[in-house]
$ cat protein-v9.txt   # compact mmCIF, C-alpha atoms
# COMPACT_ATOMS: atom_id res chain seq x y z
CA MET A 20 -57.87 -100.00 -24.34
CA THR A 21 -60.42 -97.17 -24.40
CA THR A 22 -59.54 -93.57 -23.46
CA TYR A 23 -62.17 -91.53 -21.59
CA ARG A 24 -62.35 -87.80 -20.83
CA ILE A 25 -63.57 -87.23 -17.28
CA PRO A 26 -65.76 -85.33 -16.72
CA VAL A 27 -67.60 -85.63 -20.00
CA GLU A 28 -67.36 -81.95 -20.88
CA GLU A 29 -69.45 -82.18 -24.03
CA THR A 30 -72.51 -82.84 -21.83
CA PHE A 31 -72.10 -79.61 -19.79
CA SER A 32 -73.82 -76.35 -20.74
CA TRP A 33 -70.93 -74.37 -19.21
CA GLN A 34 -67.82 -75.21 -21.20
CA PRO A 35 -64.22 -74.52 -20.08
CA PRO A 36 -62.78 -71.30 -21.57
CA VAL A 37 -61.52 -71.16 -25.17
CA LEU A 38 -58.62 -69.04 -26.41
CA ALA A 39 -60.35 -67.46 -29.43
CA ILE A 40 -62.91 -67.79 -32.22
CA GLN A 41 -61.04 -68.35 -35.51
CA ASN A 42 -61.02 -70.19 -38.86
CA ASP A 43 -57.36 -71.32 -38.92
CA PRO A 44 -55.78 -73.85 -36.55
CA PRO A 45 -52.77 -72.38 -34.69
CA GLY A 46 -49.34 -73.30 -36.08
CA VAL A 47 -47.97 -74.84 -32.85
CA PRO A 48 -50.83 -75.78 -30.50
CA ALA A 49 -50.26 -76.86 -26.91
CA LYS A 50 -52.02 -79.83 -25.35
CA GLY A 51 -55.36 -78.63 -23.94
CA ASP A 52 -55.70 -75.55 -26.22
CA ARG A 53 -59.38 -74.91 -27.02
CA TYR A 54 -60.94 -72.78 -29.78
CA ILE A 55 -64.38 -72.10 -31.22
CA VAL A 56 -64.11 -72.87 -34.96
CA ASP A 57 -65.54 -69.93 -36.95
CA THR A 58 -67.79 -70.22 -40.05
CA SER A 59 -65.07 -70.75 -42.75
CA PRO A 60 -62.54 -73.21 -41.29
CA THR A 61 -59.25 -74.21 -42.97
CA GLY A 62 -56.68 -77.02 -42.57
CA ASP A 63 -57.48 -79.69 -39.97
CA TRP A 64 -60.63 -77.77 -38.99
CA VAL A 65 -62.40 -78.07 -42.38
CA GLY A 66 -65.90 -79.54 -41.89
CA HIS A 67 -66.06 -78.51 -38.19
CA ALA A 68 -67.51 -74.97 -38.39
CA LYS A 69 -68.94 -73.73 -35.04
CA SER A 70 -67.55 -76.73 -33.11
CA ILE A 71 -65.21 -76.45 -30.15
CA ALA A 72 -61.78 -77.72 -31.26
CA TRP A 73 -59.42 -78.99 -28.56
CA TYR A 74 -55.89 -80.30 -28.97
CA ASP A 75 -55.13 -83.62 -27.26
CA GLY A 76 -51.35 -83.37 -27.72
CA SER A 77 -51.18 -85.08 -31.11
CA SER A 78 -54.36 -84.17 -33.05
CA TRP A 79 -57.45 -81.96 -32.99
CA GLN A 80 -60.66 -83.28 -31.45
CA PHE A 81 -64.06 -81.62 -31.93
CA ASP A 82 -67.14 -81.22 -29.73
CA VAL A 83 -70.34 -80.33 -31.62
CA PRO A 84 -72.18 -77.73 -29.53
CA SER A 85 -75.71 -78.10 -28.25
CA GLU A 86 -78.08 -75.16 -27.93
CA GLY A 87 -77.40 -73.36 -24.64
CA TRP A 88 -73.67 -74.08 -24.40
CA ILE A 89 -71.72 -71.13 -22.91
CA ALA A 90 -67.95 -70.60 -23.09
CA TYR A 91 -65.71 -67.70 -22.06
CA VAL A 92 -63.53 -66.52 -24.98
CA ILE A 93 -60.27 -65.32 -23.41
CA GLY A 94 -59.07 -63.31 -26.44
CA LEU A 95 -62.37 -61.40 -26.66
CA HIS A 96 -62.95 -61.00 -22.89
CA ASN A 97 -66.59 -62.09 -23.18
CA TYR A 98 -68.95 -65.02 -22.70
CA TYR A 99 -70.45 -66.55 -25.85
CA LYS A 100 -73.56 -68.74 -26.01
CA TYR A 101 -74.49 -71.18 -28.78
CA ASP A 102 -78.07 -70.33 -29.77
CA GLY A 103 -78.54 -73.47 -31.89
CA THR A 104 -77.20 -71.74 -35.02
CA ASN A 105 -74.38 -69.33 -34.04
CA TRP A 106 -72.10 -68.36 -31.18
CA VAL A 107 -73.35 -64.96 -29.86
CA ILE A 108 -72.25 -62.69 -27.01
CA SER A 109 -74.05 -63.86 -23.88
CA LEU A 110 -72.78 -62.13 -20.74
CA THR A 111 -70.69 -59.03 -20.22
CA SER A 112 -69.05 -57.65 -17.12
CA GLY A 113 -70.95 -54.95 -15.27
CA SER A 114 -69.53 -51.45 -14.96
CA SER A 115 -68.16 -50.16 -11.67
CA GLY A 116 -70.48 -48.22 -9.42
CA SER A 117 -69.92 -44.48 -8.99
CA SER A 118 -67.91 -43.20 -6.04
CA GLY A 119 -69.74 -41.80 -3.03
CA THR A 120 -69.55 -38.06 -2.33
CA SER A 121 -67.16 -36.76 0.32
CA GLY A 122 -68.60 -35.35 3.53
CA SER A 123 -68.22 -31.58 4.17
CA ALA A 124 -65.42 -30.34 6.43
CA GLY A 125 -66.29 -29.47 10.04
CA SER A 126 -66.11 -25.79 11.09
CA ALA A 127 -63.20 -24.55 13.22
CA GLY A 128 -63.78 -23.99 16.93
CA SER A 129 -63.68 -20.39 18.30
CA SER A 130 -60.46 -19.07 19.92
CA GLY A 131 -60.22 -18.85 23.73
CA THR A 132 -60.09 -15.36 25.40
CA SER A 133 -56.77 -14.00 26.68
CA GLY A 134 -56.24 -13.67 30.45
CA SER A 135 -55.98 -10.14 32.01
CA ALA A 136 -52.51 -8.64 32.62
CA GLY A 137 -51.07 -8.83 36.18
CA THR A 138 -50.70 -5.59 38.23
CA SER A 139 -47.27 -4.01 38.73
CA GLY A 140 -45.75 -3.96 42.26
CA SER A 141 -45.38 -0.55 44.09
CA SER A 142 -42.02 1.28 44.07
CA GLY A 143 -39.70 0.99 47.09
CA ILE A 144 -39.30 3.99 49.51
CA ASP A 145 -36.20 6.17 49.08
CA GLY A 146 -33.81 6.31 52.10
CA SER A 147 -33.36 9.67 53.95
CA SER A 148 -30.49 11.98 52.98
CA GLY A 149 -27.37 12.26 55.23
CA SER A 150 -26.86 15.51 57.23
CA SER A 151 -24.42 18.19 56.02
CA GLY A 152 -21.09 18.73 57.88
CA SER A 153 -20.43 21.90 59.93
CA ALA A 154 -19.05 25.04 58.24
CA GLY A 155 -15.33 25.82 58.18
CA THR A 156 -13.27 22.94 57.37
CA SER A 157 -15.27 20.50 55.56
CA GLY A 158 -16.44 17.79 57.74
CA SER A 159 -16.74 14.30 56.55
CA ALA A 160 -19.72 13.54 54.46
CA GLY A 161 -22.68 12.06 56.13
CA THR A 162 -23.49 8.45 55.40
CA SER A 163 -26.05 7.75 52.72
CA GLY A 164 -29.33 6.27 53.78
CA SER A 165 -29.99 2.70 52.75
CA SER A 166 -32.05 2.11 49.60
CA GLY A 167 -35.61 1.04 50.00
CA SER A 168 -36.39 -2.56 49.04
CA ALA A 169 -37.93 -3.18 45.64
CA GLY A 170 -41.66 -3.71 45.48
CA THR A 171 -42.90 -7.26 44.60
CA SER A 172 -44.04 -7.96 41.04
CA GLY A 173 -47.70 -8.74 40.46
CA SER A 174 -48.54 -12.35 39.46
CA ALA A 175 -49.23 -13.09 35.78
CA GLY A 176 -52.82 -13.44 34.66
CA THR A 177 -54.02 -16.96 33.62
CA SER A 178 -54.37 -17.79 29.91
CA GLY A 179 -57.80 -18.49 28.50
CA SER A 180 -58.55 -22.14 27.55
CA GLU A 181 -58.10 -23.19 23.93
CA GLY A 182 -61.25 -23.57 21.77
CA SER A 183 -62.04 -27.10 20.53
CA SER A 184 -61.89 -27.95 16.81
CA GLY A 185 -65.08 -28.78 14.92
CA SER A 186 -65.58 -32.47 14.01
CA SER A 187 -64.69 -33.65 10.50
CA GLY A 188 -67.47 -34.54 8.06
CA SER A 189 -67.91 -38.24 7.31
CA SER A 190 -66.86 -39.68 3.96
CA GLY A 191 -69.54 -40.90 1.60
CA SER A 192 -69.82 -44.66 1.06
CA SER A 193 -68.11 -46.21 -1.96
CA GLY A 194 -70.19 -47.37 -4.92
CA THR A 195 -70.48 -51.09 -5.58
CA SER A 196 -68.70 -52.93 -8.39
CA ALA A 197 -69.83 -56.04 -10.20
CA PHE A 198 -67.32 -58.59 -11.54
CA VAL A 199 -68.07 -61.76 -13.46
CA ASN A 200 -65.47 -64.51 -13.73
CA TYR A 201 -65.46 -68.14 -14.85
CA ASP A 202 -63.84 -70.61 -12.44
CA SER A 203 -62.66 -73.57 -14.55
CA ASP A 204 -61.92 -75.71 -11.47
CA LEU A 205 -65.49 -75.38 -10.25
CA MET A 206 -66.87 -75.10 -13.80
CA ALA A 207 -68.98 -72.20 -12.57
CA ILE A 208 -69.43 -68.47 -13.17
CA ILE A 209 -68.58 -66.39 -10.11
CA VAL A 210 -70.38 -63.02 -9.85
CA THR A 211 -68.97 -60.63 -7.25
CA ILE A 212 -71.03 -57.56 -6.33
$ encode --input "protein-v9.txt" --output "structure tokens"
Amino acid sequence: MTTYRIPVEETFSWQPPVLAIQNDPPGVPAKGDRYIVDTSPTGDWVGHAKSIAWYDGSSWQFDVPSEGWIAYVIGLHNYYKYDGTNWVISLTSGSSGSSGTSGSAGSAGSSGTSGSAGTSGSSGIDGSSGSSGSAGTSGSAGTSGSSGSAGTSGSAGTSGSEGSSGSSGSSGSSGTSAFVNYDSDLMAIIVTI
């Protein structure tokens, strides 16, 4: 029985990500681990410098790169391209755009004017005095006149209307960011701007 790898990854320019670039095989690899073998390999990797080593669960397998192959190296956070002789940094993530400037604050509205004070009501009229008793024995005191009714209070003046507030300045737009990511399911680089 023959075992096949589907898809045939060694024919693709864009390779699935590798964990690191190193000379020594890891002590306890997991099935599917992938590495770029550096220039002075040791152990099971001797004789496979610059190849992509992948662990099939029981032994190391090696893909000899073709010029133009690109792989994302997880441990180095960068894309590397095989130029026919060496693996060199190929793509890097773009820096974030600068933030937009904030808009200026709106000015405050002017205050409304105060209403005028109401006028006071007029005073009530005093009642007339009682007449004095006749001389000799004191007569009874005359009755006091009734008090005048109080004048009505003036109505209060109306308050001025409140001034409106100035409008706020608008915020500046945000700068753009660029992000590059490798999607291993699609075997494609995704660039988000």
$ closest_residue --input "protein-v9.txt" --among "A:Thr104, A:Asn97, A:Val92, A:Pro44" --to "Gln80 (chain A)" --atoms "only C-alpha atoms"
A:Pro44
$ atom_distance --input "protein-v9.txt" --atom1 "CA of Tyr101 (chain A)" --atom2 "CA of Gly46 (chain A)"
26.3 Å
$ closest_residue --input "protein-v9.txt" --among "A:Ser117, A:Ser126, A:Asn42, A:Ser32" --to "Gly62 (chain A)" --atoms "all atoms listed in the file"
A:Asn42
$ atom_distance --input "protein-v9.txt" --atom1 "CA of Met20 (chain A)" --atom2 "CA of Tyr54 (chain A)"
27.9 Å
$ closest_residue --input "protein-v9.txt" --among "A:Leu110, A:Trp73, A:Trp64, A:Thr58" --to "Tyr91 (chain A)" --atoms "all atoms listed in the file"
A:Leu110
$ closest_residue --input "protein-v9.txt" --among "A:Lys69, A:Asp43, A:Asp82, A:Ala124" --to "Tyr99 (chain A)" --atoms "all atoms listed in the file"
A:Lys69
$ atom_distance --input "protein-v9.txt" --atom1 "CA of Ile89 (chain A)" --atom2 "CA of Thr21 (chain A)"
28.4 Å
$ closest_residue --input "protein-v9.txt" --among "A:Pro36, A:Pro84, A:Gly94, A:Asn105" --to "Asp57 (chain A)" --atoms "all atoms listed in the file"
A:Asn105
$ axis_aligned_box --input "protein-v9.txt" --around "region 95-100 of chain A" --padding-each-side "6 Å" --output "lines of an AutoDock Vina configuration file"
center_x = -68.0
center_y = -64.9
center_z = -24.7
size_x = 23.2
size_y = 19.7
size_z = 16.0
